[in-house]
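Pasted below: final-v1.cif, mmCIF, C-alpha atoms.
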```
data_query
loop_
_atom_site.label_atom_id
_atom_site.label_comp_id
_atom_site.auth_asym_id
_atom_site.auth_seq_id
_atom_site.Cartn_x
_atom_site.Cartn_y
_atom_site.Cartn_z
CA MET A 121 -20.83 -3.26 16.56
CA LYS A 122 -18.09 -5.31 14.94
CA VAL A 123 -16.28 -4.17 11.81
CA LYS A 124 -17.71 -6.95 9.65
CA SER A 125 -21.27 -6.13 10.74
CA GLN A 126 -20.82 -2.42 10.11
CA LEU A 127 -19.46 -3.06 6.61
CA LYS A 128 -22.33 -5.45 5.85
CA ASN A 129 -24.92 -2.93 7.01
CA LEU A 130 -23.38 -0.27 4.80
CA GLY A 131 -23.15 -2.62 1.85
CA VAL A 132 -19.40 -2.12 1.55
CA ARG A 133 -17.01 -4.93 0.67
CA PRO A 134 -13.29 -4.19 1.21
CA THR A 135 -11.45 -4.11 -2.14
CA LYS A 136 -7.83 -4.72 -3.07
CA GLU A 137 -7.99 -1.79 -5.49
CA ARG A 138 -8.54 0.62 -2.61
CA GLY A 139 -6.37 -1.38 -0.23
CA GLN A 140 -9.08 -1.35 2.42
CA ASN A 141 -7.97 -3.09 5.62
CA PHE A 142 -9.73 -2.10 8.84
CA LEU A 143 -8.09 -2.26 12.25
CA LEU A 144 -10.00 -4.56 14.59
CA ASP A 145 -7.99 -4.06 17.77
CA GLU A 146 -8.71 -1.19 20.18
CA GLY A 147 -5.24 -1.59 21.63
CA ALA A 148 -3.75 -0.85 18.21
CA ILE A 149 -5.81 2.35 17.98
CA SER A 150 -4.47 3.37 21.40
CA GLU A 151 -0.92 2.69 20.20
CA ILE A 152 -1.44 4.98 17.19
CA ILE A 153 -2.64 7.76 19.50
CA ARG A 154 0.25 7.20 21.91
CA PHE A 155 2.86 7.18 19.15
CA GLY A 156 1.35 10.10 17.19
CA SER A 157 0.71 12.22 20.31
CA PRO A 158 -1.91 14.57 18.84
CA ARG A 159 -2.55 17.73 20.89
CA ALA A 160 -5.62 19.89 21.34
CA SER A 161 -3.80 22.72 19.53
CA ASP A 162 -2.94 20.57 16.49
CA GLN A 163 -4.72 20.96 13.17
CA VAL A 164 -5.29 17.26 12.49
CA VAL A 165 -6.17 15.68 9.15
CA GLU A 166 -6.97 11.98 8.86
CA ILE A 167 -6.66 10.16 5.53
CA GLY A 168 -9.01 7.25 4.88
CA PRO A 169 -10.91 7.16 8.19
CA GLY A 170 -13.16 4.32 7.01
CA LEU A 171 -15.56 3.39 9.80
CA GLY A 172 -14.05 5.97 12.14
CA ALA A 173 -12.28 3.86 14.79
CA LEU A 174 -9.25 6.19 14.92
CA THR A 175 -11.37 9.23 14.03
CA ARG A 176 -13.37 8.95 17.24
CA GLU A 177 -10.21 8.96 19.38
CA LEU A 178 -8.68 11.88 17.48
CA ALA A 179 -11.93 13.87 17.67
CA ARG A 180 -11.90 13.52 21.47
CA ILE A 181 -8.65 15.49 21.46
CA THR A 182 -9.29 18.16 18.80
CA PRO A 183 -11.70 18.95 15.95
CA ILE A 184 -10.36 17.22 12.84
CA THR A 185 -10.72 17.07 9.07
CA VAL A 186 -11.06 13.67 7.41
CA ILE A 187 -10.55 12.77 3.75
CA GLU A 188 -12.52 9.73 2.60
CA VAL A 189 -13.26 8.48 -0.92
CA GLU A 190 -16.16 6.11 -0.03
CA PRO A 191 -19.48 8.05 0.08
CA ARG A 192 -21.16 5.61 2.51
CA PHE A 193 -18.33 6.04 5.02
CA CYS A 194 -18.62 9.83 4.66
CA GLU A 195 -22.35 9.73 5.50
CA LYS A 196 -21.72 7.50 8.52
CA LEU A 197 -18.93 9.73 9.84
CA LYS A 198 -20.99 12.92 9.46
CA ALA A 199 -23.90 11.34 11.30
CA GLU A 200 -21.94 9.82 14.17
CA ILE A 201 -19.05 12.20 14.89
CA PRO A 202 -20.16 15.85 15.16
CA ASN A 203 -16.90 17.76 15.52
CA ILE A 204 -15.29 16.71 12.24
CA THR A 205 -15.12 18.15 8.74
CA VAL A 206 -15.56 15.50 6.03
CA ILE A 207 -13.98 15.88 2.59
CA GLU A 208 -15.28 13.26 0.15
CA SER A 209 -12.36 12.86 -2.25
CA ASP A 210 -9.39 10.83 -3.35
CA VAL A 211 -6.60 12.23 -1.17
CA ARG A 212 -4.31 12.45 -4.19
CA LEU A 213 -6.57 15.20 -5.55
CA VAL A 214 -6.72 17.26 -2.36
CA ASN A 215 -4.94 20.62 -2.19
CA PHE A 216 -3.52 20.63 1.34
CA GLU A 217 -2.76 24.35 1.09
CA GLU A 218 -6.51 24.89 1.47
CA LEU A 219 -6.56 22.98 4.77
CA GLY A 220 -4.22 25.29 6.65
CA LYS A 221 -0.65 25.28 7.96
CA ASP A 222 1.25 23.13 10.45
CA LEU A 223 -1.02 20.21 9.62
CA VAL A 224 -0.64 16.95 11.56
CA ILE A 225 -1.71 14.08 9.33
CA PHE A 226 -2.76 10.57 10.35
CA GLY A 227 -3.52 7.72 7.98
CA ASN A 228 -3.69 3.96 7.50
CA LEU A 229 -2.56 3.98 3.87
CA PRO A 230 -3.22 1.30 1.23
CA TYR A 231 0.03 -0.33 0.13
CA SER A 232 -0.70 -0.02 -3.58
CA LEU A 233 -1.11 3.76 -3.29
CA SER A 234 1.34 4.51 -0.47
CA THR A 235 4.09 5.99 -2.65
CA GLU A 236 1.70 8.26 -4.54
CA ILE A 237 -0.04 9.48 -1.39
CA ILE A 238 3.17 10.12 0.53
CA PHE A 239 4.82 12.09 -2.26
CA HIS A 240 1.60 14.05 -2.81
CA ILE A 241 1.69 15.06 0.85
CA LEU A 242 5.41 15.81 0.75
CA SER A 243 4.75 18.20 -2.13
CA PHE A 244 2.81 20.27 0.45
CA HIS A 245 5.67 20.15 2.98
CA LYS A 246 5.29 23.89 3.68
CA ASN A 247 1.81 23.23 5.08
CA VAL A 248 2.52 19.97 6.94
CA LYS A 249 4.27 19.78 10.31
CA ARG A 250 4.34 16.00 10.57
CA ALA A 251 2.59 12.87 9.33
CA VAL A 252 1.90 9.61 11.15
CA PHE A 253 1.22 6.68 8.85
CA LEU A 254 0.42 3.00 9.29
CA LEU A 255 2.02 1.17 6.37
CA GLN A 256 3.31 -2.24 5.47
CA LYS A 257 6.46 -2.89 7.49
CA GLU A 258 8.59 -3.50 4.41
CA PHE A 259 7.55 -0.10 3.03
CA VAL A 260 8.41 1.67 6.31
CA GLU A 261 11.85 0.04 6.30
CA ARG A 262 12.45 1.40 2.80
CA ILE A 263 11.37 4.93 3.79
CA GLY A 264 13.82 5.11 6.69
CA ALA A 265 16.68 3.02 5.30
CA PRO A 266 20.24 4.39 5.56
CA PRO A 267 22.64 4.20 2.60
CA GLY A 268 24.39 0.93 1.92
CA GLY A 269 21.64 -1.67 2.15
CA LYS A 270 19.08 -3.27 -0.13
CA ASP A 271 16.20 -1.28 1.41
CA TYR A 272 17.79 2.07 0.52
CA GLY A 273 16.42 3.39 -2.74
CA ALA A 274 14.67 6.25 -4.52
CA LEU A 275 11.85 6.14 -1.94
CA SER A 276 14.34 6.52 0.94
CA VAL A 277 16.16 9.43 -0.68
CA GLY A 278 12.96 11.16 -1.75
CA CYS A 279 11.33 10.97 1.68
CA GLN A 280 14.46 11.84 3.64
CA LEU A 281 14.97 14.99 1.56
CA TYR A 282 11.80 16.40 3.11
CA ALA A 283 11.48 14.71 6.48
CA THR A 284 13.18 12.99 9.38
CA VAL A 285 11.88 9.47 9.95
CA ARG A 286 10.89 7.86 13.26
CA PHE A 287 9.87 4.20 13.44
CA GLY A 288 6.93 3.08 15.55
CA PRO A 289 5.28 -0.16 16.74
CA VAL A 290 4.69 -3.15 14.47
CA PHE A 291 1.23 -4.73 14.12
CA PRO A 292 0.55 -8.32 12.99
CA GLY A 293 -1.77 -8.97 10.05
CA HIS A 294 -4.51 -10.65 12.08
CA LEU A 295 -5.42 -7.31 13.67
CA PHE A 296 -6.99 -6.22 10.38
CA HIS A 297 -10.12 -7.09 8.41
CA PRO A 298 -9.53 -8.54 5.93
CA PRO A 299 -6.37 -9.96 7.58
CA THR A 300 -3.09 -9.11 5.86
CA ARG A 301 -0.31 -11.56 5.08
CA VAL A 302 2.35 -9.09 6.18
CA GLU A 303 3.04 -6.96 9.23
CA SER A 304 2.28 -3.26 9.36
CA GLN A 305 4.26 -0.55 11.12
CA LEU A 306 3.76 3.00 12.29
CA VAL A 307 6.12 5.68 11.03
CA GLU A 308 6.34 9.41 11.70
CA LEU A 309 7.63 11.87 9.11
CA THR A 310 8.56 15.23 10.64
CA MET A 311 9.06 17.89 7.99
CA LYS A 312 12.43 19.59 7.91
CA ALA A 313 12.56 23.35 8.33
CA GLY A 314 13.30 25.57 5.37
CA THR A 315 13.56 24.60 1.73
CA PRO A 316 14.40 20.89 1.27
CA GLY A 317 17.97 20.61 0.01
CA GLY A 318 18.06 24.39 -0.41
CA PHE A 319 16.58 23.69 -3.85
CA THR A 320 14.78 25.99 -6.22
CA ASP A 321 11.70 24.51 -7.91
CA PHE A 322 13.84 23.69 -10.94
CA GLU A 323 16.51 22.00 -8.84
CA ARG A 324 13.84 19.96 -7.04
CA SER A 325 12.64 18.59 -10.38
CA VAL A 326 16.24 17.81 -11.37
CA PHE A 327 16.75 16.05 -8.02
CA GLN A 328 13.90 13.68 -8.89
CA MET A 329 15.49 13.02 -12.29
CA VAL A 330 18.94 12.43 -10.77
CA VAL A 331 17.66 9.96 -8.15
CA ARG A 332 15.47 8.13 -10.67
CA ALA A 333 18.43 7.84 -13.06
CA ALA A 334 20.81 6.66 -10.32
CA PHE A 335 18.44 3.84 -9.35
CA PHE A 336 17.37 3.09 -12.92
CA ASN A 337 19.39 -0.12 -12.69
CA ARG A 338 20.62 -0.36 -9.13
CA ARG A 339 22.78 -3.42 -9.84
CA LYS A 340 25.01 -1.39 -12.12
CA LYS A 341 27.56 1.27 -11.29
CA ILE A 342 25.98 4.70 -11.03
CA VAL A 343 27.61 6.00 -14.21
CA ASN A 344 26.17 3.08 -16.18
CA SER A 345 22.74 3.31 -14.58
CA MET A 346 22.45 7.04 -15.28
CA THR A 347 23.70 6.56 -18.84
CA LEU A 348 21.17 3.79 -19.50
CA SER A 349 18.41 6.06 -18.19
CA LYS A 350 19.41 8.64 -20.83
CA PHE A 351 19.82 11.33 -18.17
CA ALA A 352 22.86 12.64 -20.05
CA SER A 353 25.80 11.35 -22.06
CA GLU A 354 28.27 9.05 -20.31
CA GLU A 355 30.98 11.69 -20.56
CA ASP A 356 28.79 14.39 -19.04
CA ILE A 357 27.70 12.08 -16.23
CA LYS A 358 31.30 11.19 -15.44
CA ASN A 359 32.18 14.89 -15.29
CA MET A 360 29.26 15.65 -12.96
CA LEU A 361 30.16 12.76 -10.67
CA GLU A 362 33.79 13.82 -10.56
CA GLU A 363 32.82 17.40 -9.70
CA ALA A 364 30.58 16.07 -6.91
CA GLY A 365 33.40 13.89 -5.56
CA ILE A 366 31.49 10.67 -6.29
CA SER A 367 33.35 7.75 -7.84
CA PRO A 368 31.63 6.52 -11.04
CA ASP A 369 32.30 2.97 -9.80
CA ARG A 370 29.93 3.37 -6.83
CA ARG A 371 26.38 2.10 -6.88
CA ALA A 372 23.30 4.19 -6.18
CA GLU A 373 22.53 2.58 -2.81
CA THR A 374 25.91 3.68 -1.38
CA ILE A 375 25.37 7.38 -2.07
CA SER A 376 24.07 9.57 0.76
CA LEU A 377 21.31 12.16 0.59
CA ASP A 378 23.86 14.97 0.93
CA GLU A 379 25.79 13.57 -2.03
CA TYR A 380 22.61 13.40 -4.12
CA ILE A 381 21.88 17.03 -3.21
CA LYS A 382 25.39 18.05 -4.29
CA LEU A 383 25.11 16.08 -7.55
CA THR A 384 21.75 17.72 -8.23
CA LYS A 385 23.17 21.21 -7.77
CA ILE A 386 25.93 20.44 -10.26
CA ALA A 387 23.58 18.80 -12.77
CA SER A 388 21.12 21.72 -12.51
CA SER A 389 23.86 24.25 -13.27
CA LYS A 390 24.56 22.48 -16.56
CA MET A 391 20.94 22.11 -17.69
CA PRO A 392 18.83 24.73 -19.52
CA GLN A 393 15.86 26.11 -17.58
CA ASN A 394 12.87 26.39 -19.89
#
```
Full structure transcribed into structure tokens:
Amino acid sequence: MKVKSQLKNLGVRPTKERGQNFLLDEGAISEIIRFGSPRASDQVVEIGPGLGALTRELARITPITVIEVEPRFCEKLKAEIPNITVIESDVRLVNFEELGKDLVIFGNLPYSLSTEIIFHILSFHKNVKRAVFLLQKEFVERIGAPPGGKDYGALSVGCQLYATVRFGPVFPGHLFHPPTRVESQLVELTMKAGTPGGFTDFERSVFQMVVRAAFFNRRKKIVNSMTLSKFASEEDIKNMLEEAGISPDRRAETISLDEYIKLTKIASSKMPQN
């Protein structure tokens, strides 16, 4: 049965709010499986399975857990695919610690919620081995961007702190229902071993503040951007940058992840821990 017919029978109309776009092409599903390479021994979690096109292929390989917010999709999945566990919830509210360790996550994520969902999952990096996402191509480029270009920003630094990034195939918009105006791309995030950045919990929160402040106004020099963000006084920021070996005349997009980690360590040592 075609996607449109299935949605009509269920009384579901795709909404922009939920970013619901359903893959129509079986070849694209095969590409996701090929790129993501799930194994029988993997503990697989799928986010937003929808009508279950990818779910069926994953479930042929290993029993999986799916997280779906639409109740009618949940009922359909339970009825049609026996070896899955269905969690009816917004993924941003799910505690991944309760799902196990070494999780392998798959998901076709809505663009409007991609940042929130990805950082929610990264916050459970100790429980996740890797994640394979289908996202808008522009978003994937930002996640994996190296320093020095316009795509490199807070999203790049934040993701690359936790994971190494591998780019996958690109899919045109006509492969989806409703069709999208932009291309989508697969990306794999493989979690780094150990504690990201060697940070304590306090330092990790400071890292977020440092990166946000650095990119507060990316057109300005980093000292001016961080000062405008009210991260600290201009004098204190200059001193931190000097100690980190970062010229105050540089801009945020030229600063590497390792330099942000070093700056965070210095900033954390000068801030009170409440």
### Query
Expanded to explicit residues, what is the PyMOL selection byres ((chain A and resi 211) around 12) for this file, as a PyMOL selection string?
chain A and resi 138+165-169+186-190+206-210+212-216+225+227+229-230+233-234+236-241
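Shell of region 179-184 of chain A at 8 Å, with only C-alpha atoms counted and residues fewer than 2 places along the chain excluded, is Pro158, Arg159, Ala160, Ser161, Asp162, Gln163, Val164, Val165, Glu166, Thr175, Arg176, Glu177, Val186, Ile201, Asn203, Ile204 and Thr205 of chain A.
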### Query
Counting all atoms listed in the file, which of A:Glu354, A:Ser367, A:Leu377, A:Ser232 gets nearest to Tyr282 (chain A)?
A:Leu377
### Task
Could you tell me which residues the PyMOL selection byres ((chain A and resi 371) around 12) grabs in this file, written as a PyMOL selection string?
chain A and resi 267-270+272-273+331+333-346+361+366-370+372-376
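Minimum atom-to-atom distances from A:Asp271, A:Glu151, A:Glu323, A:Asp222 to Ala251 (chain A) were compared using all atoms listed in the file, and the lowest value belongs to A:Asp222.
The interatomic distance for the pair CA of Asp145 (chain A) and CA of Phe296 (chain A) works out to 7.8 Å.
As for CA of Ala173 (chain A) and CA of Pro289 (chain A), they are spaced 18.1 Å apart.
The smallest atom-to-atom distance between Asp321 (chain A) and any of A:Lys249, A:Arg301, A:Lys385, A:Lys122, using all atoms listed in the file, is found for A:Lys385.
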If you count all atoms listed in the file, which residues fall within 8 Å of Ile386 (chain A), apart from same-chain ones fewer than 4 positions away, as a compact mmCIF listing (two decimals) with C-alpha atoms, keeping the file's coordinate frame?
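New file part-v9.txt:
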```
# COMPACT_ATOMS: atom_id res chain seq x y z
CA MET A 360 29.26 15.65 -12.96
CA GLU A 363 32.82 17.40 -9.70
CA ALA A 364 30.58 16.07 -6.91
CA LYS A 382 25.39 18.05 -4.29
CA LYS A 390 24.56 22.48 -16.56
```
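You can rank A:Val277, A:Glu217, A:Val248, A:Gln393 by their closest distance to Ala313 (chain A) using only C-alpha atoms, and at the top of that list sits A:Val248.
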Can you save region 320-344 of chain A of the given block to a file, including N, CA and C atoms and formatted as a PDB file, in the first residue's frame?
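And here's decode_35.pdb as it stands now:
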```pdb
ATOM      1  N   THR A 320      34.690  17.959  33.408  1.00  0.00           N
ATOM      2  CA  THR A 320      33.766  17.673  34.497  1.00  0.00           C
ATOM      3  C   THR A 320      32.387  18.172  34.050  1.00  0.00           C
ATOM      4  N   ASP A 321      31.352  17.860  34.830  1.00  0.00           N
ATOM      5  CA  ASP A 321      30.017  18.358  34.497  1.00  0.00           C
ATOM      6  C   ASP A 321      29.992  19.884  34.469  1.00  0.00           C
ATOM      7  N   PHE A 322      30.693  20.495  35.408  1.00  0.00           N
ATOM      8  CA  PHE A 322      30.748  21.962  35.452  1.00  0.00           C
ATOM      9  C   PHE A 322      31.438  22.508  34.216  1.00  0.00           C
ATOM     10  N   GLU A 323      32.570  21.913  33.849  1.00  0.00           N
ATOM     11  CA  GLU A 323      33.301  22.384  32.671  1.00  0.00           C
ATOM     12  C   GLU A 323      32.484  22.200  31.396  1.00  0.00           C
ATOM     13  N   ARG A 324      31.678  21.135  31.341  1.00  0.00           N
ATOM     14  CA  ARG A 324      30.846  20.917  30.160  1.00  0.00           C
ATOM     15  C   ARG A 324      29.802  22.031  30.016  1.00  0.00           C
ATOM     16  N   SER A 325      29.269  22.479  31.126  1.00  0.00           N
ATOM     17  CA  SER A 325      28.303  23.587  31.076  1.00  0.00           C
ATOM     18  C   SER A 325      28.997  24.885  30.686  1.00  0.00           C
ATOM     19  N   VAL A 326      30.235  25.078  31.142  1.00  0.00           N
ATOM     20  CA  VAL A 326      30.998  26.271  30.772  1.00  0.00           C
ATOM     21  C   VAL A 326      31.358  26.220  29.284  1.00  0.00           C
ATOM     22  N   PHE A 327      31.675  25.028  28.781  1.00  0.00           N
ATOM     23  CA  PHE A 327      31.971  24.864  27.358  1.00  0.00           C
ATOM     24  C   PHE A 327      30.811  25.385  26.511  1.00  0.00           C
ATOM     25  N   GLN A 328      29.601  25.020  26.883  1.00  0.00           N
ATOM     26  CA  GLN A 328      28.423  25.485  26.147  1.00  0.00           C
ATOM     27  C   GLN A 328      28.328  27.007  26.185  1.00  0.00           C
ATOM     28  N   MET A 329      28.633  27.590  27.337  1.00  0.00           N
ATOM     29  CA  MET A 329      28.585  29.047  27.477  1.00  0.00           C
ATOM     30  C   MET A 329      29.663  29.719  26.635  1.00  0.00           C
ATOM     31  N   VAL A 330      30.860  29.131  26.632  1.00  0.00           N
ATOM     32  CA  VAL A 330      31.989  29.693  25.875  1.00  0.00           C
ATOM     33  C   VAL A 330      31.678  29.684  24.379  1.00  0.00           C
ATOM     34  N   VAL A 331      31.200  28.546  23.876  1.00  0.00           N
ATOM     35  CA  VAL A 331      30.915  28.422  22.441  1.00  0.00           C
ATOM     36  C   VAL A 331      29.773  29.352  22.034  1.00  0.00           C
ATOM     37  N   ARG A 332      28.733  29.403  22.866  1.00  0.00           N
ATOM     38  CA  ARG A 332      27.594  30.289  22.578  1.00  0.00           C
ATOM     39  C   ARG A 332      28.060  31.741  22.537  1.00  0.00           C
ATOM     40  N   ALA A 333      28.928  32.113  23.471  1.00  0.00           N
ATOM     41  CA  ALA A 333      29.427  33.494  23.525  1.00  0.00           C
ATOM     42  C   ALA A 333      30.321  33.813  22.328  1.00  0.00           C
ATOM     43  N   ALA A 334      31.147  32.839  21.943  1.00  0.00           N
ATOM     44  CA  ALA A 334      32.072  33.057  20.817  1.00  0.00           C
ATOM     45  C   ALA A 334      31.300  33.312  19.526  1.00  0.00           C
ATOM     46  N   PHE A 335      30.184  32.589  19.345  1.00  0.00           N
ATOM     47  CA  PHE A 335      29.392  32.728  18.123  1.00  0.00           C
ATOM     48  C   PHE A 335      28.198  33.666  18.313  1.00  0.00           C
ATOM     49  N   PHE A 336      28.190  34.413  19.399  1.00  0.00           N
ATOM     50  CA  PHE A 336      27.084  35.327  19.680  1.00  0.00           C
ATOM     51  C   PHE A 336      26.887  36.316  18.534  1.00  0.00           C
ATOM     52  N   ASN A 337      28.016  36.811  18.022  1.00  0.00           N
ATOM     53  CA  ASN A 337      28.004  37.637  16.806  1.00  0.00           C
ATOM     54  C   ASN A 337      29.219  37.228  15.994  1.00  0.00           C
ATOM     55  N   ARG A 338      29.024  36.246  15.123  1.00  0.00           N
ATOM     56  CA  ARG A 338      30.156  35.615  14.449  1.00  0.00           C
ATOM     57  C   ARG A 338      30.878  36.556  13.494  1.00  0.00           C
ATOM     58  N   ARG A 339      30.277  37.679  13.135  1.00  0.00           N
ATOM     59  CA  ARG A 339      30.948  38.616  12.236  1.00  0.00           C
ATOM     60  C   ARG A 339      32.007  39.445  12.957  1.00  0.00           C
ATOM     61  N   LYS A 340      31.917  39.446  14.275  1.00  0.00           N
ATOM     62  CA  LYS A 340      32.855  40.256  15.051  1.00  0.00           C
ATOM     63  C   LYS A 340      34.033  39.412  15.526  1.00  0.00           C
ATOM     64  N   LYS A 341      35.092  40.090  15.941  1.00  0.00           N
ATOM     65  CA  LYS A 341      36.221  39.394  16.545  1.00  0.00           C
ATOM     66  C   LYS A 341      35.737  38.698  17.812  1.00  0.00           C
ATOM     67  N   ILE A 342      36.407  37.607  18.165  1.00  0.00           N
ATOM     68  CA  ILE A 342      35.914  36.793  19.278  1.00  0.00           C
ATOM     69  C   ILE A 342      35.844  37.579  20.584  1.00  0.00           C
ATOM     70  N   VAL A 343      36.795  38.453  20.821  1.00  0.00           N
ATOM     71  CA  VAL A 343      36.773  39.226  22.071  1.00  0.00           C
ATOM     72  C   VAL A 343      35.532  40.114  22.128  1.00  0.00           C
ATOM     73  N   ASN A 344      35.159  40.684  20.989  1.00  0.00           N
ATOM     74  CA  ASN A 344      33.981  41.557  20.957  1.00  0.00           C
ATOM     75  C   ASN A 344      32.684  40.744  21.056  1.00  0.00           C
TER      76      ASN A 344
END
```
